[in-house]
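Quick notes on the structure that follows.
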Amino acid sequence: MISCQRFFYAAIVRNNVHQCRHILSGAVQNRIDALVSEHDSIVEKLNAGGTQSLGKKLAKLSPVARLKEKMDELYREEESLKELLTDAKSLDDEEVADECLEELQKLDETKEKLEKRMIDSILPTDEQEMENTILEIRAGTGGDEAALFAGELLESYTKSARSQGWKVETLNITKTDLGGIKEASLSITGGGGASLYYEGDLLDDESNAIGPYGFFKYESGVHRVQRVPVNDVRIHTSACSVAVLPSPSDSQSDELLPASELRIETMRASGAGGQHVNTTDSAVRVTHIPTGITASIQDERSQHKNKTKALRLIAARVWDQRREEAARERGEA
């Protein structure tokens, strides 16, 4: 009699668990199925020799496909546990039944988390999240202490980018005598994407992968620190500004910066740097005439390399300004 009551109660628990927790609506499920179908179609086209543009589309759809695959695995595991529970019930095996119920409850909690992840994966995202990025750091108020803080930020961002397997290139940097920096610009590039994991994440792949710009974009703004310098006993407040810009591709840069809209000036480099300083016109300043945006680079000995870096930097600044203008127009419409 006790065993029958136990199995009856177990069935009630199981039904409640598996009927009340799911949050995917029919419309959401249909959307997920459509995206997975599109993903599979792109994979077939790439196998047949598709273009690079298909690869970018695939990178955006892969997170949804991976999550759907994981959900299908959980459903298959659930069916297997239900069959085992039925067998345990027929054999009056309370221990196995309890274990099955416990596993089913854990499985349902996992499915609920995964469903939330699936909803997140189909929400609209910033189109530039997979792009490369230009990261600019400038020391603000705080004098030498602000410059040291800027140097620490530069080191932190560099290590973070390299830990993701991305290439970090210094476009320009102005250092202080104490080892800090007044300003610096980094180019961060790389294929693939970083994974932003939730606490207790379910997947060990790049199911919510983003590129360098998406990874760093929320670092934009003013960073402030309060601390006691090594040569003082008072608390100093220092600030640095960080700008994170999406970096356009070479083809996009050509469209953004037609030669007729650029003024390129060469000059002699200044500051510390050895014999080439003040002896050759290696420094380059590029001005985008329509906007007045400028970029000056003198770090390299080669004028050609400085020009290339300056063009990359100014392309990112012009692209970012146009994105902001477009967003402002959409807001006013």
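Just remember, in the structure tokens the first chain shown is A, the second B, etc., residues are 1-based per chain, and ligands are 1-based in the order shown.
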Extract, using only C-alpha atoms, all DNA, RNA and protein residues at most 10 Å from A:Gly55, discarding same-chain residues fewer than 6 positions from it, and format them as a PyMOL selection string.
-> chain A and resi 42-43+45-46+61
Would you export the selected residues with N, CA, C and O atoms as a PDB file, in the first residue's frame, please?
ATOM      1  N   ILE A  42      23.131  26.947 -44.900  1.00  0.00           N
ATOM      2  CA  ILE A  42      24.395  27.660 -45.126  1.00  0.00           C
ATOM      3  C   ILE A  42      25.576  26.700 -45.028  1.00  0.00           C
ATOM      4  O   ILE A  42      26.542  26.809 -45.788  1.00  0.00           O
ATOM      5  N   VAL A  43      25.509  25.749 -44.087  1.00  0.00           N
ATOM      6  CA  VAL A  43      26.581  24.757 -43.961  1.00  0.00           C
ATOM      7  C   VAL A  43      26.735  23.982 -45.270  1.00  0.00           C
ATOM      8  O   VAL A  43      27.858  23.747 -45.748  1.00  0.00           O
ATOM      9  N   LYS A  45      25.911  25.012 -48.273  1.00  0.00           N
ATOM     10  CA  LYS A  45      26.454  25.908 -49.303  1.00  0.00           C
ATOM     11  C   LYS A  45      27.947  26.121 -49.115  1.00  0.00           C
ATOM     12  O   LYS A  45      28.705  26.177 -50.090  1.00  0.00           O
ATOM     13  N   LEU A  46      28.382  26.247 -47.860  1.00  0.00           N
ATOM     14  CA  LEU A  46      29.819  26.421 -47.597  1.00  0.00           C
ATOM     15  C   LEU A  46      30.597  25.176 -47.984  1.00  0.00           C
ATOM     16  O   LEU A  46      31.717  25.266 -48.508  1.00  0.00           O
ATOM     17  N   LEU A  61      24.428  32.408 -36.700  1.00  0.00           N
ATOM     18  CA  LEU A  61      23.390  31.391 -36.499  1.00  0.00           C
ATOM     19  C   LEU A  61      23.872  30.200 -35.674  1.00  0.00           C
ATOM     20  O   LEU A  61      23.051  29.465 -35.120  1.00  0.00           O
TER      21      LEU A  61
END
Compile the contact shell of A:Thr266 as a count of residues only: residues with an atom at most 12 Å away, counting only C-alpha atoms, same-chain residues fewer than 3 positions apart removed.
-> 20
Could you give me the residues within stretch 114-192 of chain A that DSSP places in helix (DSSP H, G or I), as a PyMOL selection string?
-> chain A and resi 114-122+144-163
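Comparing A:Arg138, A:Arg322, A:Lys113, A:Arg66 by their smallest distance to A:Thr291, the closest is A:Arg322 (using only C-alpha atoms).
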Distance criterion (only C-alpha atoms): nearest to A:Lys57 out of A:Lys82, A:His39, A:His236, A:His223 | A:His39
Length of the atom CA of A:Ala239 to atom CA of A:Gly140 vector [Å] |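 About the pair atom CA of A:Ala239 and atom CA of A:Gly140: they are 5.1 Å apart.
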DSSP-assigned strand (DSSP E or B) among stretch 101-328 of chain A, expressed as number ranges by chain | A: 132-139, 167-175, 181-189, 194-195, 209-210, 221-227, 236-247, 262-267, 283-288, 293-297
For atom CA of A:Ile235 and atom CA of A:Ser160, the interatomic separation in Å (one decimal) = 28.3 Å
Would you work out the distance separating atom CA of A:Asp108 from atom CA of A:Ala34, expressed in Å to one decimal?
->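 About the pair atom CA of A:Asp108 and atom CA of A:Ala34: they are 24.4 Å apart.
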Check the smallest atom-to-atom distance from each of A:Ile119, A:Ile264, A:Ile173, A:Leu148 to A:Glu300 using only C-alpha atoms, then report the winner.
->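 Distance minimum relative to A:Glu300 lands on A:Ile173.
The shortest atom-to-atom distance to A:Asp232, with only C-alpha atoms taken into account, belongs to A:Glu145 out of A:Asp254, A:Glu73, A:Glu145, A:Glu265.
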Residues at most 9 Å from A:Leu114, counting only C-alpha atoms, excluding those fewer than 2 positions away in the same chain, as a count of residues only?
-> 13
Using only C-alpha atoms, the shortest atom-to-atom distance to A:Pro63 among A:Val36, A:Leu101, A:Val230, A:Ala88 belongs to A:Val36
